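Next up, protein.txt (compact mmCIF, C-alpha atoms and all ligand atoms):
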# COMPACT_ATOMS: atom_id res chain seq x y z
CA MET A 102 -48.04 -1.69 -19.76
CA GLU A 103 -44.26 -1.59 -20.06
CA ASP A 104 -44.16 2.15 -19.68
CA LEU A 105 -45.42 1.90 -16.09
CA ILE A 106 -42.34 2.42 -13.93
CA LEU A 107 -44.21 1.97 -10.67
CA ARG A 108 -47.27 -0.12 -10.42
CA ALA A 109 -49.57 -1.13 -7.56
CA ASP A 110 -52.11 -3.89 -8.21
CA ASN A 111 -54.90 -4.15 -5.69
CA VAL A 112 -52.48 -3.34 -2.87
CA SER A 113 -53.42 -3.34 0.79
CA TYR A 114 -51.18 -2.87 3.78
CA ALA A 115 -51.78 -3.42 7.48
CA TYR A 116 -49.26 -2.39 10.12
CA GLU A 117 -48.39 -5.08 12.61
CA ASP A 118 -50.34 -4.84 15.85
CA SER A 119 -52.78 -2.35 14.40
CA GLU A 120 -56.34 -3.05 13.34
CA GLY A 121 -57.53 -2.12 9.89
CA MET A 122 -55.61 -1.33 6.75
CA ALA A 123 -53.50 1.80 6.22
CA VAL A 124 -53.75 1.27 2.43
CA ARG A 125 -56.76 -0.51 0.98
CA GLY A 126 -57.10 -2.02 -2.45
CA VAL A 127 -55.00 0.53 -4.31
CA THR A 128 -54.46 0.00 -8.03
CA LEU A 129 -52.30 2.69 -9.55
CA GLY A 130 -49.67 3.03 -12.25
CA PHE A 131 -47.06 5.74 -12.77
CA ARG A 132 -45.97 6.25 -16.35
CA THR A 133 -42.46 7.07 -17.48
CA GLY A 134 -41.80 10.79 -17.33
CA GLU A 135 -44.98 11.65 -15.48
CA MET A 136 -45.04 13.99 -12.45
CA THR A 137 -47.89 13.04 -10.15
CA ALA A 138 -48.95 14.80 -6.98
CA VAL A 139 -50.43 12.69 -4.19
CA LEU A 140 -52.78 14.56 -1.86
CA GLY A 141 -54.71 13.45 1.17
CA HIS A 142 -55.46 14.44 4.72
CA ASN A 143 -53.14 13.27 7.56
CA GLY A 144 -53.45 9.54 8.02
CA SER A 145 -54.94 8.92 4.57
CA GLY A 146 -52.11 6.50 3.70
CA LYS A 147 -49.76 8.62 1.56
CA SER A 148 -46.54 7.73 3.38
CA THR A 149 -47.50 4.07 3.59
CA LEU A 150 -48.13 4.05 -0.17
CA ALA A 151 -44.77 5.77 -0.77
CA LYS A 152 -42.94 3.09 1.20
CA LEU A 153 -44.82 0.36 -0.65
CA LEU A 154 -43.80 1.89 -3.97
CA ASN A 155 -40.09 1.52 -3.33
CA GLY A 156 -40.17 -1.76 -1.49
CA LEU A 157 -39.54 -0.45 2.04
CA TYR A 158 -42.87 -2.11 2.88
CA ILE A 159 -44.16 -5.30 1.29
CA PRO A 160 -47.90 -5.41 0.56
CA THR A 161 -50.09 -7.44 2.90
CA GLU A 162 -52.22 -8.12 -0.18
CA GLY A 163 -51.60 -7.45 -3.85
CA HIS A 164 -48.40 -6.64 -5.70
CA VAL A 165 -46.12 -3.68 -6.29
CA THR A 166 -43.74 -3.74 -9.23
CA VAL A 167 -40.90 -1.31 -9.88
CA CYS A 168 -39.56 -1.43 -13.45
CA GLY A 169 -41.21 -4.83 -13.71
CA MET A 170 -39.62 -6.20 -10.50
CA ASP A 171 -42.01 -7.47 -7.84
CA THR A 172 -41.14 -5.98 -4.41
CA GLN A 173 -41.97 -9.32 -2.80
CA GLU A 174 -38.97 -10.97 -4.41
CA ASP A 175 -35.96 -10.47 -2.13
CA GLU A 176 -33.37 -10.68 -4.87
CA HIS A 177 -34.64 -7.39 -6.34
CA THR A 178 -34.50 -5.34 -3.13
CA TRP A 179 -31.45 -3.25 -4.00
CA ASP A 180 -32.35 -2.84 -7.68
CA ILE A 181 -35.76 -1.60 -6.60
CA ARG A 182 -34.41 0.86 -4.01
CA ARG A 183 -32.02 2.35 -6.52
CA SER A 184 -34.63 2.47 -9.30
CA ALA A 185 -37.20 4.26 -7.15
CA GLY A 186 -35.37 6.61 -4.80
CA MET A 187 -37.14 8.07 -1.83
CA VAL A 188 -36.75 11.55 -0.31
CA PHE A 189 -38.29 12.19 3.09
CA GLN A 190 -39.60 15.19 4.96
CA ASN A 191 -36.80 16.10 7.31
CA PRO A 192 -33.52 16.97 5.55
CA ASP A 193 -31.55 16.62 8.79
CA ASN A 194 -32.49 12.95 9.13
CA GLN A 195 -31.27 12.13 5.63
CA LEU A 196 -27.78 13.58 5.62
CA VAL A 197 -25.27 11.28 7.25
CA ALA A 198 -21.79 12.60 6.45
CA SER A 199 -19.95 15.73 7.55
CA ILE A 200 -19.08 16.78 3.97
CA VAL A 201 -21.53 17.07 1.08
CA ARG A 202 -19.35 14.96 -1.23
CA ASP A 203 -19.31 12.04 1.25
CA ASP A 204 -23.01 12.31 1.73
CA VAL A 205 -23.73 11.87 -1.95
CA ALA A 206 -21.18 9.02 -2.03
CA PHE A 207 -22.95 7.15 0.76
CA GLY A 208 -25.66 5.56 -1.39
CA LEU A 209 -23.15 4.69 -4.08
CA GLU A 210 -21.03 2.76 -1.61
CA ASN A 211 -24.12 0.87 -0.49
CA ILE A 212 -24.90 -0.28 -4.02
CA GLY A 213 -21.27 -1.18 -4.74
CA VAL A 214 -20.34 1.41 -7.36
CA PRO A 215 -16.57 1.11 -8.02
CA SER A 216 -14.68 3.96 -6.35
CA ALA A 217 -13.14 5.06 -9.67
CA GLN A 218 -16.61 5.94 -10.95
CA MET A 219 -17.69 7.78 -7.85
CA PRO A 220 -16.30 11.30 -8.34
CA ALA A 221 -17.96 11.69 -11.75
CA ARG A 222 -21.29 10.33 -10.48
CA ILE A 223 -21.17 12.62 -7.44
CA GLU A 224 -20.35 15.71 -9.48
CA THR A 225 -23.04 15.02 -12.06
CA ALA A 226 -25.65 14.52 -9.36
CA LEU A 227 -24.67 17.74 -7.57
CA ARG A 228 -24.74 19.64 -10.87
CA GLN A 229 -28.26 18.33 -11.53
CA VAL A 230 -29.52 19.98 -8.34
CA GLU A 231 -27.31 23.06 -8.85
CA MET A 232 -25.27 22.32 -5.72
CA LEU A 233 -21.87 21.49 -7.22
CA PRO A 234 -20.21 24.60 -5.73
CA PHE A 235 -21.12 23.23 -2.28
CA ILE A 236 -19.35 19.89 -2.72
CA ASP A 237 -16.82 20.53 0.07
CA ARG A 238 -19.22 22.18 2.48
CA ALA A 239 -20.53 20.75 5.72
CA PRO A 240 -24.27 19.98 5.38
CA HIS A 241 -25.12 21.71 8.66
CA THR A 242 -24.03 25.05 7.18
CA LEU A 243 -26.66 24.80 4.42
CA SER A 244 -30.26 26.01 4.31
CA GLY A 245 -33.14 23.54 4.50
CA GLY A 246 -33.78 23.78 0.76
CA GLN A 247 -30.10 23.21 0.00
CA LYS A 248 -30.02 20.19 2.32
CA GLN A 249 -33.02 18.68 0.57
CA ARG A 250 -31.28 19.21 -2.78
CA ILE A 251 -28.23 17.34 -1.41
CA ALA A 252 -30.52 14.52 -0.29
CA ILE A 253 -31.96 14.47 -3.83
CA ALA A 254 -28.44 14.42 -5.30
CA GLY A 255 -27.65 11.38 -3.14
CA ILE A 256 -30.56 9.61 -4.84
CA LEU A 257 -29.77 10.91 -8.34
CA ALA A 258 -26.22 9.57 -8.10
CA MET A 259 -27.77 6.11 -8.12
CA GLN A 260 -29.38 6.94 -11.49
CA PRO A 261 -32.96 6.17 -10.51
CA LYS A 262 -35.90 5.90 -12.90
CA ALA A 263 -38.29 7.40 -10.37
CA LEU A 264 -38.17 9.77 -7.42
CA ILE A 265 -40.70 9.49 -4.63
CA LEU A 266 -40.77 12.57 -2.43
CA ASP A 267 -42.81 12.36 0.77
CA GLU A 268 -43.68 15.91 1.84
CA SER A 269 -40.11 16.92 1.14
CA THR A 270 -40.98 20.62 1.26
CA ALA A 271 -43.10 20.49 4.43
CA MET A 272 -40.34 21.68 6.77
CA LEU A 273 -38.92 24.35 4.45
CA ASP A 274 -39.49 28.08 4.26
CA PRO A 275 -41.26 29.40 1.14
CA ARG A 276 -38.01 30.00 -0.69
CA GLY A 277 -36.63 26.54 0.11
CA ARG A 278 -39.93 25.00 -0.89
CA ARG A 279 -39.85 26.71 -4.29
CA GLU A 280 -36.16 25.77 -4.74
CA VAL A 281 -36.85 22.08 -4.15
CA PHE A 282 -40.07 21.95 -6.19
CA ASP A 283 -38.43 23.76 -9.12
CA THR A 284 -35.42 21.42 -8.99
CA VAL A 285 -37.57 18.30 -9.06
CA SER A 286 -39.87 19.70 -11.72
CA ARG A 287 -36.87 20.50 -13.92
CA LEU A 288 -35.42 16.99 -13.44
CA ASN A 289 -38.77 15.63 -14.53
CA ARG A 290 -39.04 17.84 -17.61
CA GLU A 291 -35.44 17.75 -18.78
CA GLN A 292 -34.40 14.24 -17.83
CA GLY A 293 -37.73 12.44 -17.91
CA ILE A 294 -37.45 11.18 -14.34
CA THR A 295 -40.80 9.88 -13.12
CA VAL A 296 -41.87 11.79 -10.01
CA VAL A 297 -44.32 10.97 -7.24
CA TRP A 298 -44.73 14.22 -5.30
CA ILE A 299 -46.58 13.80 -2.01
CA THR A 300 -47.60 17.16 -0.65
CA HIS A 301 -50.17 19.13 1.26
CA PHE A 302 -49.47 22.29 -0.73
CA MET A 303 -52.22 22.60 -3.33
CA GLU A 304 -50.30 25.07 -5.45
CA GLU A 305 -47.56 22.45 -5.90
CA ALA A 306 -50.13 19.86 -6.96
CA ALA A 307 -51.54 22.34 -9.48
CA ARG A 308 -48.16 22.32 -11.22
CA CYS A 309 -47.98 18.53 -11.64
CA ASP A 310 -49.27 16.54 -14.66
CA ARG A 311 -51.64 14.48 -12.58
CA VAL A 312 -53.20 14.55 -9.12
CA VAL A 313 -54.05 11.46 -7.07
CA VAL A 314 -56.17 12.02 -3.96
CA MET A 315 -56.16 9.51 -1.10
CA ASP A 316 -58.75 9.20 1.61
CA ASP A 317 -58.85 6.55 4.32
CA GLY A 318 -56.27 4.36 2.58
CA GLN A 319 -57.94 4.44 -0.82
CA VAL A 320 -57.40 6.34 -4.04
CA VAL A 321 -60.55 8.40 -4.45
CA MET A 322 -59.56 10.78 -7.26
CA ASP A 323 -57.02 10.45 -10.07
CA ASP A 324 -57.11 13.03 -12.82
CA THR A 325 -55.57 16.22 -14.18
CA PRO A 326 -55.10 19.09 -11.70
CA LYS A 327 -57.81 21.01 -13.53
CA ALA A 328 -60.35 18.19 -13.19
CA VAL A 329 -59.49 17.47 -9.54
CA PHE A 330 -59.53 21.09 -8.43
CA SER A 331 -62.83 21.76 -10.15
CA GLN A 332 -64.39 19.59 -7.41
CA ALA A 333 -63.89 21.97 -4.51
CA GLU A 334 -66.83 20.65 -2.47
CA ARG A 335 -65.67 17.07 -2.70
CA LEU A 336 -62.15 18.08 -1.67
CA ARG A 337 -63.45 20.08 1.26
CA ALA A 338 -65.42 17.06 2.45
CA MET A 339 -62.04 15.29 2.68
CA ARG A 340 -60.55 18.24 4.57
CA LEU A 341 -58.57 19.34 1.53
CA ASP A 342 -58.55 22.68 -0.19
CA VAL A 343 -58.14 23.97 -3.71
CA PRO A 344 -55.14 26.13 -4.68
CA PRO A 345 -55.75 29.80 -3.82
CA MET A 346 -55.91 30.85 -7.49
CA VAL A 347 -58.51 28.16 -8.22
CA ALA A 348 -60.66 29.53 -5.39
CA LEU A 349 -60.21 33.04 -6.77
CA GLY A 350 -61.15 31.83 -10.27
CA ASP A 351 -64.35 30.25 -8.88
CA LEU A 352 -65.27 33.54 -7.19
CA LEU A 353 -64.60 35.63 -10.27
CA ARG A 354 -66.55 33.26 -12.53
CA ALA A 355 -69.46 33.41 -10.10
CA ARG A 356 -69.40 37.18 -10.63
CA GLY A 357 -69.56 36.66 -14.38
CA LEU A 358 -65.92 37.12 -15.39
CA PRO A 359 -64.77 34.70 -18.12
CA ILE A 360 -61.75 33.27 -16.25
CA ALA A 361 -60.35 30.06 -17.78
CA HIS A 362 -60.30 27.03 -15.48
CA GLU A 363 -56.68 26.46 -16.51
CA ALA A 364 -55.54 29.53 -14.55
CA MET A 365 -54.31 27.84 -11.38
CA ASP A 366 -51.28 29.94 -10.49
CA VAL A 367 -50.64 33.64 -9.95
CA SER A 368 -49.21 34.49 -13.36
CA ALA A 369 -51.86 32.57 -15.32
CA MET A 370 -54.56 34.23 -13.21
CA ALA A 371 -53.05 37.68 -13.76
CA GLN A 372 -53.24 37.13 -17.52
CA GLU A 373 -56.86 36.04 -17.32
CA VAL A 374 -57.80 39.05 -15.23
CA LEU A 375 -55.99 41.43 -17.59
CA LYS A 376 -57.95 39.99 -20.52
CA CYS A 377 -61.13 41.17 -18.78
CA ARG A 378 -60.16 44.83 -18.82
P1 LIG B 1 -50.24 9.99 5.67
O1 LIG B 1 -48.85 9.90 5.20
O2 LIG B 1 -51.25 10.24 4.58
O3 LIG B 1 -50.42 10.96 6.80
P2 LIG B 1 -49.77 7.35 6.77
O4 LIG B 1 -49.47 6.45 5.64
O5 LIG B 1 -48.63 7.85 7.58
O6 LIG B 1 -50.67 8.55 6.25
O7 LIG B 1 -50.79 6.62 7.75
C1 LIG B 1 -51.88 5.84 7.31
C2 LIG B 1 -52.50 5.12 8.50
O8 LIG B 1 -51.57 4.20 9.02
C3 LIG B 1 -52.89 6.04 9.66
O9 LIG B 1 -54.05 5.56 10.23
C4 LIG B 1 -51.73 5.89 10.61
O10 LIG B 1 -52.13 6.11 11.92
C5 LIG B 1 -51.30 4.45 10.39
N1 LIG B 1 -49.86 4.27 10.63
C6 LIG B 1 -48.85 4.95 10.04
N2 LIG B 1 -47.65 4.52 10.46
C7 LIG B 1 -47.91 3.52 11.35
C8 LIG B 1 -47.08 2.65 12.14
N3 LIG B 1 -45.73 2.74 12.07
N4 LIG B 1 -47.69 1.75 12.92
C9 LIG B 1 -49.05 1.66 12.97
N5 LIG B 1 -49.88 2.44 12.26
C10 LIG B 1 -49.32 3.36 11.44
MG MG B 2 -47.19 11.10 5.64

Go through the file and emit its structure as structure tokens.
Ligand code: ADP
Ligand code: MG
Amino acid sequence: MEDLILRADNVSYAYEDSEGMAVRGVTLGFRTGEMTAVLGHNGSGKSTLAKLLNGLYIPTEGHVTVCGMDTQEDEHTWDIRRSAGMVFQNPDNQLVASIVRDDVAFGLENIGVPSAQMPARIETALRQVEMLPFIDRAPHTLSGGQKQRIAIAGILAMQPKALILDESTAMLDPRGRREVFDTVSRLNREQGITVVWITHFMEEAARCDRVVVMDDGQVVMDDTPKAVFSQAERLRAMRLDVPPMVALGDLLRARGLPIAHEAMDVSAMAQEVLKCR
């Protein structure tokens, strides 16, 4: 139990002046060091769940705990926000200062880090996202992927236990998308940061440890990528797809080729195909 950094117990959430629940009866735990993808069609409740998980929203029913702190208890608000940092979709809405260094400092000022400790924290965070050489640059001169990495550094400087990223690659070009995914995946592997990766890119989900699928405010699937993506029909019924290489694997297996179900990306698939020669 203690190794669950983020935990939702029978959580429901209704927006004010709207009928029905955006999140309904969700029970979910995120273990230390795990990288989980959250999938679901538009309106399935992913963003609402994300905001519940770091205390931006308080459950209408049920409880969310972050590192054991209940989000309903006001005295924990700042500890919770810094323990479970959130990165959003649009990098331009997240950068507030005119110099990268000041941007990363912003969150630290909010949580009252003494100014003597700031430079070291800022530099470490920028190094972690491989953006230290850009410390004196103006954010508007950076690419989308670089801006997202600065936004991530701003969170890392607060030394969070978990990162929640809500479609943080959706507005990026393919290169920026890869840059940001690879950065977060490396932080997860090398530093053990727990990651909740909300995405509509199936190939990103295939690279996570675990895939949670939401539909109509509920968690309807929660398993390994391999197990989730082996249910193509069920995903299609929820207007979701499987990663391209999974679809290719299904086709090739149907033609009798012994392609392993584990081959979910291009290089793994290439190896499987070469074995068939
Ligand atoms: P997703 O991120 O999966 O697209 P959301 O969590 O944004 O889903 O939305 C879940 C449901 O809540 C949808 O029906 C959506 O219309 C509704 N919703 C989202 N934000 C608001 C809001 N600010 N006010 C009222 N309803 C909202
Ligand atoms: Mg959303």

May I have the protein, DNA and RNA residues with an atom at most 8 Å from (-45.8, 11.2, 2.1), counting only C-alpha atoms in the file's coordinates, returned as a PDB file with C-alpha atoms, keeping the file's coordinate frame?
ATOM      1  CA  VAL A 139     -50.430  12.690  -4.190  1.00  0.00           C
ATOM      2  CA  LYS A 147     -49.760   8.620   1.560  1.00  0.00           C
ATOM      3  CA  SER A 148     -46.540   7.730   3.380  1.00  0.00           C
ATOM      4  CA  THR A 149     -47.500   4.070   3.590  1.00  0.00           C
ATOM      5  CA  LEU A 150     -48.130   4.050  -0.170  1.00  0.00           C
ATOM      6  CA  ALA A 151     -44.770   5.770  -0.770  1.00  0.00           C
ATOM      7  CA  PHE A 189     -38.290  12.190   3.090  1.00  0.00           C
ATOM      8  CA  GLN A 190     -39.600  15.190   4.960  1.00  0.00           C
ATOM      9  CA  LEU A 266     -40.770  12.570  -2.430  1.00  0.00           C
ATOM     10  CA  ASP A 267     -42.810  12.360   0.770  1.00  0.00           C
ATOM     11  CA  GLU A 268     -43.680  15.910   1.840  1.00  0.00           C
ATOM     12  CA  ILE A 299     -46.580  13.800  -2.010  1.00  0.00           C
ATOM     13  CA  THR A 300     -47.600  17.160  -0.650  1.00  0.00           C
TER      14      THR A 300
END

Long-range neighbours of region 340-342 of chain A as a PyMOL selection string, 12 Å cut-off, all atoms listed in the file, 2 positions minimum in chain:
chain A and resi 139-145+300-304+306-307+314-317+329-338+344-348

As a check of understanding: the span from CA of Asp110 (chain A) to CA of Val127 (chain A) is 6.6 Å

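Separating CA of Gly186 (chain A) from CA of Val321 (chain A) is a distance of 25.2 Å.
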
Close residues, Glu135 (chain A) itself excluded, 9 Å, only C-alpha atoms, min 5 positions apart in chain, as a PDB file with C-alpha atoms, in the coordinates of the input:
ATOM      1  CA  ASN A 289     -38.770  15.630 -14.530  1.00  0.00           C
ATOM      2  CA  ARG A 290     -39.040  17.840 -17.610  1.00  0.00           C
ATOM      3  CA  GLY A 293     -37.730  12.440 -17.910  1.00  0.00           C
ATOM      4  CA  ILE A 294     -37.450  11.180 -14.340  1.00  0.00           C
ATOM      5  CA  THR A 295     -40.800   9.880 -13.120  1.00  0.00           C
ATOM      6  CA  VAL A 296     -41.870  11.790 -10.010  1.00  0.00           C
ATOM      7  CA  VAL A 297     -44.320  10.970  -7.240  1.00  0.00           C
ATOM      8  CA  CYS A 309     -47.980  18.530 -11.640  1.00  0.00           C
ATOM      9  CA  ASP A 310     -49.270  16.540 -14.660  1.00  0.00           C
ATOM     10  CA  ARG A 311     -51.640  14.480 -12.580  1.00  0.00           C
TER      11      ARG A 311
END

Which is closest to ligand MG 2 (chain B) among A:Ser269, A:Gln218, A:Ser286, A:Gln195, if we use only C-alpha atoms and all ligand atoms?
A:Ser269

Would you list the contacts of Pro160 (chain A) as a ChimeraX atom specification, taking every protein, DNA or RNA residue within 9 Å and counting all atoms listed in the file, but skipping same-chain residues closer than 2 positions in sequence?
/A:112-115,153,156,158,162-165,172-173

So how many Å separate CA of Asn111 (chain A) and CA of Val124 (chain A), to one decimal?
9.8 Å
